[in-house]
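For reference, the structure is listed below as structure tokens.
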Amino acid sequence: MSETDIAAFKPKSDFIRVMQERGYIHQCSDLEALDKAAGEGVITAYVGYDATASSLHIGSLISIMMMRRMQQTGHRPLPLMGGGTTKVGDPSDKDSQRPLLTNEQIATNIAGIKTVFDRFLRFDDSATGAFIEDNARWLDKLGYVDFLREYGVHFTINRMLTFDSVKRRLEREQPLTFLEFNYMLMQATDFLELNRLYGASLQMGGSDQWGNIINGVELIRRMDGKQAFALTTPLLTTASGAKMGKTVSGAVWLNADLMSPYDYWQFWRNTEDADVGRFLKLFTDLPLDEIARLEALQGADINEAKKVLADEATALLHGDDAARAARATSEQAFAGNALEADLPTVHVLDFVFGGGFSNTQVAIAAGFAPSNTAARKLIGNGGLRINGEKQDDPEKLVDPAQLSADKTFVVSSGKKKLIIKVGRD
RNA sequence: GGGGGAAUGUCCCGAGCGGCAAAGGGGGCGGACUGUAAAUCCGCUGGCAUAGCCUUCGCAGGUUCGAGUCCUGCUUCCCCCA
């Protein structure tokens, strides 16, 4: 079903209607039938997460929100941890094979990832209560020959070679190991297994997972003669085309130990104008009419909408208190009168300073530049400020008169800002 | 087993007649403009005691005044034949 069909489709079920009007649907294997099934009873849907890191990042958030919507509209989400598939490695979206993770690493990663789901989903014994499964449970005990006879017969090499993930590797002349080549079979068996165990009839995922998901749908049809569904979300990019989820410091992680609630709040606060409405629909629970009002704001006013987006998204992940604190911190920081006590402090020994502390040395001490050469270049570009004053001479020494009463001065470069304190205490 | 290609600035892609600190992108960083946005423009993106010196082109040798560039061997990867 093409995208235009999806836009024109008139859903009867709450689930599909919400998914559609909030912009979660990219492709669906049989939207009409899925809509009908969702209208008749509780659907169990799963989304798989491989345990390649100790936390999920923002790329997974859209699928987590989908599961949240499911529960809100009376269905049952089932996050699947890829304890088994992670040992193999998904060839999608990667140029080359990752180093293989050990069982211990995988177990650690799964523990880290699980903590996030509690925030978004309700786990209980009710008909729509979520629960977490791990595909290591069935994949680990499959014998090789059994695996080949049971599932291998349903897949042709001819077709596997047509998949994007495979084609891309071959075209770029990057190796694709036989191990990875099996990933799609394993994901297909996951779907079959979950369908048999829990009646999971829908698998959701990012658009890059379409091929893998469809394999599962077909496997269920071939082996059990039952219909199952595939539903994928659009790949999230910003309005200017960049892949979403990158910041100066790298990936946007969901776990607080990898990215603080404040940084998470800032990430959303810095959303591009053109993305605000779309993100509000996808990543907050706000009603659509409220979102329509917010995204209609023009010019600088749209910053208000961004703050709402940041508040809501942060509250969902880290809780109301953390969101409020993040907002307060940011308002202080950007009001211009940032509390200097909150800035990181670097200490410099008295005698070093007494010996003459040049701007170049300041830039290095502050961590703005890794070498003298780099520091000189940075300063030459006007990239160093002391107490707000732009410095342009790399050799100029810091004037003791610039020190405040407690022997500190503030240095900044771009967004980076910190305090240098002379002496130790 | 035979034949043919490839490996470049440690972020990535990528040009490179024997004089090369090495073109060009992307990304990143800084600056200007702004609304903590986007777009745009400018600068930087080996090191140092900076008119100079030192260290870089898969690894190890060799030829040469001089090698990323030529030769030999090795490693890894791709392609074709068997």
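By order in the structure tokens, chains are A, B, ...; within a chain, residues start at 1; ligands start at 1, following the order shown.
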Checklist entry - Could you write out as a PyMOL selection string the residues of chain A within 10 Å of chain B, counting only C-alpha atoms (C1' of nucleotides)? => result chain A and resi 172-175+239-240+248+266+269-274+299-303+306+330-331+333-334+368-369+371-374+377-384+413-415
Item to check | DSSP-assigned helix (DSSP H, G or I) members of segment 193-409 of chain A, reported as a ChimeraX atom specification | outcome: /A:193-198,207-224,261-269,273-283,288-295,299-318,320-334,340-342,350-354,359-365,372-380,400-402
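Taking only segment 169-384 of chain A, the residues that DSSP calls strand (DSSP E) from the backbone come to Ala200, Ser201, Leu202, Gln203, Met204, Gly205, Gly206, Phe229, Ala230, Leu231, Thr232, Thr233, Lys246, Thr247, Gly250, Ala251, Thr345, Val346, His347 and Val348 of chain A.
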Given the selection you just returned, output its residues as a file containing N, CA and C atoms, formatted as a PDB file, in the first residue's frame.
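Now in part.pdb:
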```pdb
ATOM      1  N   ALA A 200       0.858 -12.707  18.883  1.00  0.00           N
ATOM      2  CA  ALA A 200       1.291 -11.431  18.320  1.00  0.00           C
ATOM      3  C   ALA A 200       1.062 -11.458  16.816  1.00  0.00           C
ATOM      4  N   SER A 201       0.270 -10.510  16.338  1.00  0.00           N
ATOM      5  CA  SER A 201      -0.080 -10.539  14.925  1.00  0.00           C
ATOM      6  C   SER A 201       0.463  -9.332  14.170  1.00  0.00           C
ATOM      7  N   LEU A 202       1.170  -8.477  14.888  1.00  0.00           N
ATOM      8  CA  LEU A 202       1.689  -7.273  14.240  1.00  0.00           C
ATOM      9  C   LEU A 202       3.114  -7.030  14.696  1.00  0.00           C
ATOM     10  N   GLN A 203       3.963  -6.716  13.710  1.00  0.00           N
ATOM     11  CA  GLN A 203       5.307  -6.293  14.076  1.00  0.00           C
ATOM     12  C   GLN A 203       5.502  -4.879  13.543  1.00  0.00           C
ATOM     13  N   MET A 204       6.030  -4.031  14.403  1.00  0.00           N
ATOM     14  CA  MET A 204       6.268  -2.651  14.012  1.00  0.00           C
ATOM     15  C   MET A 204       7.762  -2.377  14.063  1.00  0.00           C
ATOM     16  N   GLY A 205       8.162  -1.359  13.344  1.00  0.00           N
ATOM     17  CA  GLY A 205       9.575  -1.018  13.330  1.00  0.00           C
ATOM     18  C   GLY A 205       9.839   0.144  12.399  1.00  0.00           C
ATOM     19  N   GLY A 206      11.079   0.515  12.278  1.00  0.00           N
ATOM     20  CA  GLY A 206      11.459   1.594  11.374  1.00  0.00           C
ATOM     21  C   GLY A 206      11.378   1.130   9.932  1.00  0.00           C
ATOM     22  N   PHE A 229       0.686  -8.934  10.326  1.00  0.00           N
ATOM     23  CA  PHE A 229       0.822  -7.612   9.716  1.00  0.00           C
ATOM     24  C   PHE A 229       2.176  -6.972   9.969  1.00  0.00           C
ATOM     25  N   ALA A 230       2.552  -6.106   9.031  1.00  0.00           N
ATOM     26  CA  ALA A 230       3.777  -5.320   9.163  1.00  0.00           C
ATOM     27  C   ALA A 230       3.391  -3.856   9.136  1.00  0.00           C
ATOM     28  N   LEU A 231       3.998  -3.105  10.019  1.00  0.00           N
ATOM     29  CA  LEU A 231       3.730  -1.665  10.050  1.00  0.00           C
ATOM     30  C   LEU A 231       5.050  -0.958  10.328  1.00  0.00           C
ATOM     31  N   THR A 232       5.432  -0.056   9.437  1.00  0.00           N
ATOM     32  CA  THR A 232       6.696   0.642   9.672  1.00  0.00           C
ATOM     33  C   THR A 232       6.476   2.138   9.776  1.00  0.00           C
ATOM     34  N   THR A 233       7.404   2.768  10.493  1.00  0.00           N
ATOM     35  CA  THR A 233       7.353   4.216  10.675  1.00  0.00           C
ATOM     36  C   THR A 233       8.309   4.869   9.693  1.00  0.00           C
ATOM     37  N   LYS A 246      21.413  13.358  16.374  1.00  0.00           N
ATOM     38  CA  LYS A 246      22.824  13.650  16.583  1.00  0.00           C
ATOM     39  C   LYS A 246      22.952  15.028  17.225  1.00  0.00           C
ATOM     40  N   THR A 247      23.813  15.133  18.178  1.00  0.00           N
ATOM     41  CA  THR A 247      24.120  16.435  18.749  1.00  0.00           C
ATOM     42  C   THR A 247      25.629  16.589  18.756  1.00  0.00           C
ATOM     43  N   GLY A 250      27.309  13.677  20.235  1.00  0.00           N
ATOM     44  CA  GLY A 250      27.044  12.336  19.757  1.00  0.00           C
ATOM     45  C   GLY A 250      25.572  11.988  19.797  1.00  0.00           C
ATOM     46  N   ALA A 251      25.288  10.722  20.068  1.00  0.00           N
ATOM     47  CA  ALA A 251      23.930  10.239  20.022  1.00  0.00           C
ATOM     48  C   ALA A 251      23.090  10.801  21.170  1.00  0.00           C
ATOM     49  N   THR A 345      34.377  24.070  36.865  1.00  0.00           N
ATOM     50  CA  THR A 345      35.536  24.877  37.250  1.00  0.00           C
ATOM     51  C   THR A 345      36.825  24.126  36.992  1.00  0.00           C
ATOM     52  N   VAL A 346      37.794  24.863  36.466  1.00  0.00           N
ATOM     53  CA  VAL A 346      39.118  24.294  36.253  1.00  0.00           C
ATOM     54  C   VAL A 346      40.093  25.054  37.134  1.00  0.00           C
ATOM     55  N   HIS A 347      40.954  24.316  37.816  1.00  0.00           N
ATOM     56  CA  HIS A 347      41.912  24.975  38.710  1.00  0.00           C
ATOM     57  C   HIS A 347      43.266  25.139  38.042  1.00  0.00           C
ATOM     58  N   VAL A 348      43.870  26.257  38.310  1.00  0.00           N
ATOM     59  CA  VAL A 348      45.206  26.524  37.799  1.00  0.00           C
ATOM     60  C   VAL A 348      46.077  26.924  38.976  1.00  0.00           C
TER      61      VAL A 348
END
```
Checklist entry - Near C13 of chain B, counting only C-alpha atoms (C1' of nucleotides), which residues have an atom at most 12 Å away, once you skip same-chain residues fewer than 4 positions from it, shown as a PyMOL selection string? => result chain B and resi 8+24-27
I need the chosen residues saved as a JSON list (two decimals), in the first residue's frame, with all heavy atoms.
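What follows is the written file part.json:
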```
[["chain", "number", "residue", "atom", "x", "y", "z"],
["B", 8, "U", "P", 43.01, 4.08, 3.26],
["B", 8, "U", "OP1", 43.18, 4.02, 4.72],
["B", 8, "U", "OP2", 41.76, 4.56, 2.68],
["B", 8, "U", "O5'", 44.19, 4.93, 2.68],
["B", 8, "U", "C5'", 45.36, 5.12, 3.46],
["B", 8, "U", "C4'", 45.93, 6.47, 3.19],
["B", 8, "U", "O4'", 45.93, 6.70, 1.77],
["B", 8, "U", "C3'", 45.13, 7.63, 3.74],
["B", 8, "U", "O3'", 45.48, 7.88, 5.08],
["B", 8, "U", "C2'", 45.58, 8.78, 2.85],
["B", 8, "U", "O2'", 46.82, 9.30, 3.29],
["B", 8, "U", "C1'", 45.80, 8.09, 1.51],
["B", 8, "U", "N1", 44.73, 8.30, 0.53],
["B", 8, "U", "C2", 44.73, 9.49, -0.17],
["B", 8, "U", "O2", 45.56, 10.35, 0.02],
["B", 8, "U", "N3", 43.72, 9.64, -1.08],
["B", 8, "U", "C4", 42.72, 8.73, -1.36],
["B", 8, "U", "O4", 41.89, 9.00, -2.20],
["B", 8, "U", "C5", 42.79, 7.51, -0.60],
["B", 8, "U", "C6", 43.77, 7.35, 0.31],
["B", 24, "G", "P", 41.40, 22.14, -1.45],
["B", 24, "G", "OP1", 41.11, 23.59, -1.49],
["B", 24, "G", "OP2", 41.85, 21.50, -0.19],
["B", 24, "G", "O5'", 40.13, 21.34, -1.99],
["B", 24, "G", "C5'", 39.64, 21.58, -3.30],
["B", 24, "G", "C4'", 38.50, 20.63, -3.61],
["B", 24, "G", "O4'", 39.02, 19.28, -3.75],
["B", 24, "G", "C3'", 37.47, 20.51, -2.51],
["B", 24, "G", "O3'", 36.53, 21.58, -2.57],
["B", 24, "G", "C2'", 36.85, 19.16, -2.82],
["B", 24, "G", "O2'", 35.95, 19.23, -3.90],
["B", 24, "G", "C1'", 38.10, 18.36, -3.21],
["B", 24, "G", "N9", 38.71, 17.71, -2.05],
["B", 24, "G", "C8", 39.81, 18.15, -1.34],
["B", 24, "G", "N7", 40.11, 17.36, -0.33],
["B", 24, "G", "C5", 39.16, 16.36, -0.38],
["B", 24, "G", "C6", 38.98, 15.23, 0.45],
["B", 24, "G", "O6", 39.63, 14.87, 1.44],
["B", 24, "G", "N1", 37.88, 14.47, 0.04],
["B", 24, "G", "C2", 37.09, 14.76, -1.03],
["B", 24, "G", "N2", 36.08, 13.91, -1.27],
["B", 24, "G", "N3", 37.24, 15.80, -1.82],
["B", 24, "G", "C4", 38.29, 16.56, -1.44],
["B", 25, "G", "P", 35.90, 22.13, -1.20],
["B", 25, "G", "OP1", 35.56, 23.54, -1.41],
["B", 25, "G", "OP2", 36.76, 21.75, -0.06],
["B", 25, "G", "O5'", 34.55, 21.31, -1.10],
["B", 25, "G", "C5'", 34.44, 20.26, -0.22],
["B", 25, "G", "C4'", 33.44, 19.25, -0.72],
["B", 25, "G", "O4'", 34.16, 18.10, -1.18],
["B", 25, "G", "C3'", 32.56, 18.78, 0.43],
["B", 25, "G", "O3'", 31.34, 19.49, 0.46],
["B", 25, "G", "C2'", 32.40, 17.29, 0.15],
["B", 25, "G", "O2'", 31.40, 17.04, -0.79],
["B", 25, "G", "C1'", 33.78, 16.97, -0.44],
["B", 25, "G", "N9", 34.80, 16.78, 0.61],
["B", 25, "G", "C8", 35.88, 17.57, 0.86],
["B", 25, "G", "N7", 36.62, 17.15, 1.85],
["B", 25, "G", "C5", 35.98, 16.02, 2.30],
["B", 25, "G", "C6", 36.31, 15.14, 3.36],
["B", 25, "G", "O6", 37.27, 15.19, 4.13],
["B", 25, "G", "N1", 35.39, 14.11, 3.47],
["B", 25, "G", "C2", 34.29, 13.94, 2.68],
["B", 25, "G", "N2", 33.52, 12.90, 2.93],
["B", 25, "G", "N3", 33.97, 14.75, 1.67],
["B", 25, "G", "C4", 34.85, 15.77, 1.55],
["B", 26, "G", "P", 30.98, 20.24, 1.80],
["B", 26, "G", "OP1", 29.82, 21.10, 1.51],
["B", 26, "G", "OP2", 32.19, 20.83, 2.40],
["B", 26, "G", "O5'", 30.51, 19.02, 2.71],
["B", 26, "G", "C5'", 29.52, 18.12, 2.22],
["B", 26, "G", "C4'", 29.51, 16.86, 3.04],
["B", 26, "G", "O4'", 30.76, 16.15, 2.87],
["B", 26, "G", "C3'", 29.45, 17.07, 4.55],
["B", 26, "G", "O3'", 28.13, 17.34, 4.99],
["B", 26, "G", "C2'", 29.97, 15.74, 5.06],
["B", 26, "G", "O2'", 28.99, 14.73, 4.96],
["B", 26, "G", "C1'", 31.09, 15.47, 4.06],
["B", 26, "G", "N9", 32.36, 15.96, 4.58],
["B", 26, "G", "C8", 33.07, 17.06, 4.15],
["B", 26, "G", "N7", 34.18, 17.24, 4.83],
["B", 26, "G", "C5", 34.18, 16.22, 5.76],
["B", 26, "G", "C6", 35.12, 15.89, 6.77],
["B", 26, "G", "O6", 36.18, 16.46, 7.06],
["B", 26, "G", "N1", 34.74, 14.76, 7.48],
["B", 26, "G", "C2", 33.60, 14.05, 7.25],
["B", 26, "G", "N2", 33.39, 12.99, 8.04],
["B", 26, "G", "N3", 32.71, 14.33, 6.31],
["B", 26, "G", "C4", 33.07, 15.41, 5.61],
["B", 27, "G", "P", 27.92, 18.41, 6.15],
["B", 27, "G", "OP1", 26.46, 18.52, 6.38],
["B", 27, "G", "OP2", 28.70, 19.62, 5.84],
["B", 27, "G", "O5'", 28.58, 17.69, 7.40],
["B", 27, "G", "C5'", 28.02, 16.48, 7.92],
["B", 27, "G", "C4'", 28.96, 15.90, 8.95],
["B", 27, "G", "O4'", 30.22, 15.57, 8.32],
["B", 27, "G", "C3'", 29.35, 16.86, 10.07],
["B", 27, "G", "O3'", 28.39, 16.90, 11.10],
["B", 27, "G", "C2'", 30.67, 16.28, 10.54],
["B", 27, "G", "O2'", 30.45, 15.15, 11.35],
["B", 27, "G", "C1'", 31.30, 15.85, 9.21],
["B", 27, "G", "N9", 32.11, 16.92, 8.64],
["B", 27, "G", "C8", 31.80, 17.74, 7.58],
["B", 27, "G", "N7", 32.73, 18.61, 7.32],
["B", 27, "G", "C5", 33.71, 18.37, 8.27],
["B", 27, "G", "C6", 34.95, 19.01, 8.48],
["B", 27, "G", "O6", 35.44, 19.95, 7.86],
["B", 27, "G", "N1", 35.63, 18.45, 9.56],
["B", 27, "G", "C2", 35.18, 17.41, 10.33],
["B", 27, "G", "N2", 35.98, 17.02, 11.32],
["B", 27, "G", "N3", 34.01, 16.80, 10.14],
["B", 27, "G", "C4", 33.35, 17.33, 9.10]]
```
Next on the checklist: For a test of reading the model, state the distance in Å between atom CA of Leu78 of chain A and atom CA of Gln209 of chain A, rounded to one decimal.
Outcome noted: 16.8 Å
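When atom CA of Ala328 of chain A is paired with atom CA of Leu297 of chain A, their separation reads 22.6 Å.
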Next on the checklist: Neighbouring residues of Asp50 of chain A were defined as those with any atom within 6 Å, considering only C-alpha atoms (C1' of nucleotides); residues of the same chain fewer than 2 positions away were excluded. Please report them as a list of chain:residue names.
Outcome noted: A:Thr52, A:Gly82, A:Thr86
Export of prior selection with N, CA, C and O atoms as a compact mmCIF listing (two decimals), in the first residue's frame:
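out.txt, written as the output of this step:
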```
# COMPACT_ATOMS: atom_id res chain seq x y z
N THR A 52 22.75 -3.71 21.35
CA THR A 52 24.11 -3.37 20.95
C THR A 52 24.73 -2.30 21.82
O THR A 52 25.91 -2.02 21.72
N GLY A 82 16.52 -8.35 21.86
CA GLY A 82 17.21 -9.23 20.91
C GLY A 82 18.43 -9.91 21.51
O GLY A 82 19.52 -9.82 20.98
N THR A 86 21.21 -10.33 18.69
CA THR A 86 22.37 -9.45 18.85
C THR A 86 23.67 -10.24 18.70
O THR A 86 24.69 -9.70 18.31
```
Do you know which residues are at most 12 Å from A7 of chain B counting only C-alpha atoms (C1' of nucleotides), after dropping those on the same chain fewer than 4 positions away, and could you put them as a compact mmCIF listing (two decimals) with N, CA, C and O atoms (P, O5', C5', C4', C3', O3' and C1' of nucleotides), in the first residue's frame?
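out23.txt, freshly written:
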```txt
# COMPACT_ATOMS: atom_id res chain seq x y z
P C B 57 53.00 6.98 6.43
O5' C B 57 51.79 6.78 5.42
C5' C B 57 50.47 6.63 5.91
C4' C B 57 49.53 6.63 4.73
C3' C B 57 50.04 5.74 3.59
O3' C B 57 48.96 4.91 3.16
C1' C B 57 49.70 7.97 2.84
P G B 58 49.20 3.49 2.57
O5' G B 58 49.25 2.52 3.84
C5' G B 58 48.33 2.71 4.91
C4' G B 58 48.34 1.48 5.77
C3' G B 58 49.73 0.94 6.07
O3' G B 58 50.27 1.56 7.22
C1' G B 58 48.35 -0.81 5.28
P C B 59 51.85 1.77 7.33
O5' C B 59 52.35 0.26 7.56
C5' C B 59 52.21 -0.37 8.81
C4' C B 59 52.96 -1.68 8.79
C3' C B 59 54.44 -1.55 8.40
O3' C B 59 55.23 -1.21 9.53
C1' C B 59 53.46 -3.27 7.13
P G B 68 56.82 9.88 0.75
O5' G B 68 55.58 9.04 0.14
C5' G B 68 54.86 8.18 0.98
C4' G B 68 53.67 7.59 0.26
C3' G B 68 53.95 7.11 -1.17
O3' G B 68 54.28 5.76 -1.17
C1' G B 68 52.06 8.57 -1.15
P U B 75 51.11 -12.95 3.88
O5' U B 75 50.33 -11.79 4.64
C5' U B 75 50.42 -11.69 6.06
C4' U B 75 49.59 -10.52 6.54
C3' U B 75 48.17 -10.49 6.03
O3' U B 75 47.32 -11.31 6.80
C1' U B 75 49.13 -8.35 5.75
P U B 76 46.12 -12.06 6.10
O5' U B 76 45.06 -10.89 5.91
C5' U B 76 44.49 -10.23 7.04
C4' U B 76 43.73 -9.02 6.58
C3' U B 76 42.72 -9.28 5.49
O3' U B 76 41.50 -9.79 5.99
C1' U B 76 44.00 -7.37 4.95
P C B 77 40.60 -10.69 5.03
O5' C B 77 39.98 -9.61 4.03
C5' C B 77 39.10 -8.61 4.51
C4' C B 77 38.79 -7.64 3.42
C3' C B 77 38.28 -8.27 2.14
O3' C B 77 36.91 -8.63 2.24
C1' C B 77 39.91 -6.66 1.60
P C B 78 36.29 -9.57 1.12
O5' C B 78 36.30 -8.54 -0.10
C5' C B 78 35.11 -8.15 -0.73
C4' C B 78 35.48 -7.39 -1.96
C3' C B 78 35.42 -8.20 -3.23
O3' C B 78 34.08 -8.35 -3.66
C1' C B 78 37.42 -6.95 -3.20
```
Next on the checklist: Report, in Å to a single decimal, how far apart atom CA of Leu288 of chain A and atom CA of His26 of chain A are.
Outcome noted: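 Rounded to one decimal, the two atoms are 19.5 Å apart.
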Next on the checklist: So that I can see what lies close to Leu185 of chain A, please list as a list in words the residues with an atom at most 10 Å from it, counting only C-alpha atoms (C1' of nucleotides) and leaving out residues fewer than 4 positions away in the same chain.
Outcome noted: Thr85, Phe147, Leu148, Tyr151, Gly152, His154, Phe155, Met160, Glu180, Phe181, Thr189, Asp190, Asn212, Asn215, Gly216 and Leu219 of chain A
Checklist entry - Which of these, B:A67, B:A6, B:C41, B:A32, has the shortest distance to G18 of chain B once you count only C-alpha atoms (C1' of nucleotides)? => result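 Closest residue, counting only C-alpha atoms (C1' of nucleotides): B:A67.
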